[in-house]
Amino acid sequence: MTAPTSPLDLIVGPEQAHAFLHARARELVRLDHLPEPVALRLVHRGVLRGDPLVLAEERQTWTLRSDVDPDDAPAHRLCVHARLTCPPRVLVTDPDDSLGETDELLIEVLEMFQLATWYPLPIAAAEASHDGR
């Protein structure tokens with residue numbers, strides 16, 4: 001049986017998408033003590049919904065959703081430079097801001113945005129960083 005495709009396949013390619021989905025699922029197994037099939041299903045559903053809690057990762061650009069009032073958002077685009085925990089948050093910059101200041105935002109702010117581009121690390125390096133190596 002082949003794995004279902006996800007929107008990530010179009011953004012980063014099937015191999016990178018597969019590696020990311022499984023690495024994120026392994027995190028849930030380790031942190032939340034979920035069975036692997038359950039964790040993988042939750043991660044895949046999160047990706048399909050565009051859930052930033054699942055998707056947010058460094059080297060991504062998120063663009064404002066068309067149904068969000070620009071006056072309510074911190075920017076039209078955000079580049080993610082790091083993902084932090086406890087509580088989940090991201091370090092971002094606005095690529096359209098000439099000052100290039102870094103902001104720390106709760107990850108839920110990305111719900112106003114959609115993932116547009118992602119330049120992931122090579123698969124082996126990404127798997128190592130998700131495994132805590």
# chains A, B, ... in the order shown; residues from 1 in each chain; ligands from 1

call {"tool": "residues_around", "arguments": {"residues": "stretch 116-120 of chain A", "least_positions_apart": "6", "cutoff": "12 Å", "atoms": "only C-alpha atoms", "output": "PyMOL selection string"}}
result
chain A and resi 7-13+15-17+19-20+50+55-65+76-81+110+126-127+129

call {"tool": "select_by_dssp", "arguments": {"residues": "chain A", "states": "strand (DSSP E)", "output": "ChimeraX atom specification"}}
result
/A:60-64,77-84,89-93,102-106,113-118

call {"tool": "select_by_dssp", "arguments": {"residues": "chain A", "states": "helix (DSSP H, G or I)", "output": "VMD selection string"}}
result
chain A and resid 7 to 12 14 to 32 36 to 49 52 to 55 70 to 72 107 to 112 123 to 130

call {"tool": "closest_residue", "arguments": {"among": "A:Pro87, A:Asp67, A:Ile107, A:Ala39", "to": "A:Glu27", "atoms": "only C-alpha atoms"}}
result
A:Ala39

call {"tool": "residues_around", "arguments": {"residues": "A:Gly46", "least_positions_apart": "2", "cutoff": "12 Å", "atoms": "only C-alpha atoms", "output": "compact mmCIF listing (two decimals) with C-alpha atoms, in the first residue's frame"}}
result
# COMPACT_ATOMS: atom_id res chain seq x y z
CA SER A 6 -0.17 15.49 0.83
CA PRO A 7 0.14 19.15 -0.18
CA LEU A 8 3.75 18.90 0.98
CA LEU A 21 5.65 13.32 8.03
CA ARG A 24 6.93 14.55 13.01
CA ALA A 25 5.00 11.33 13.79
CA ALA A 39 0.63 9.60 15.33
CA LEU A 40 1.10 9.31 11.57
CA ARG A 41 -2.63 9.69 10.99
CA LEU A 42 -2.74 12.82 13.21
CA VAL A 43 0.25 14.35 11.44
CA HIS A 44 -1.20 13.65 8.01
CA LEU A 48 -4.08 18.41 5.08
CA ARG A 49 -5.65 21.12 7.27
CA GLY A 50 -2.55 23.31 6.99
CA ASP A 51 -2.14 23.19 10.77
CA PRO A 52 0.94 25.23 11.71
CA LEU A 53 1.37 23.19 14.90
CA VAL A 54 2.22 20.26 12.63
CA LEU A 55 3.77 22.10 9.69
CA ALA A 56 5.81 25.00 11.09
CA GLU A 111 -3.14 30.09 11.39

call {"tool": "residues_around", "arguments": {"residues": "stretch 102-106 of chain A", "least_positions_apart": "4", "cutoff": "8 Å", "atoms": "only C-alpha atoms", "output": "ChimeraX atom specification"}}
result
/A:87-94

call {"tool": "atom_distance", "arguments": {"atom1": "atom CA of A:Leu84", "atom2": "atom CA of A:His22"}}
result
19.6 Å
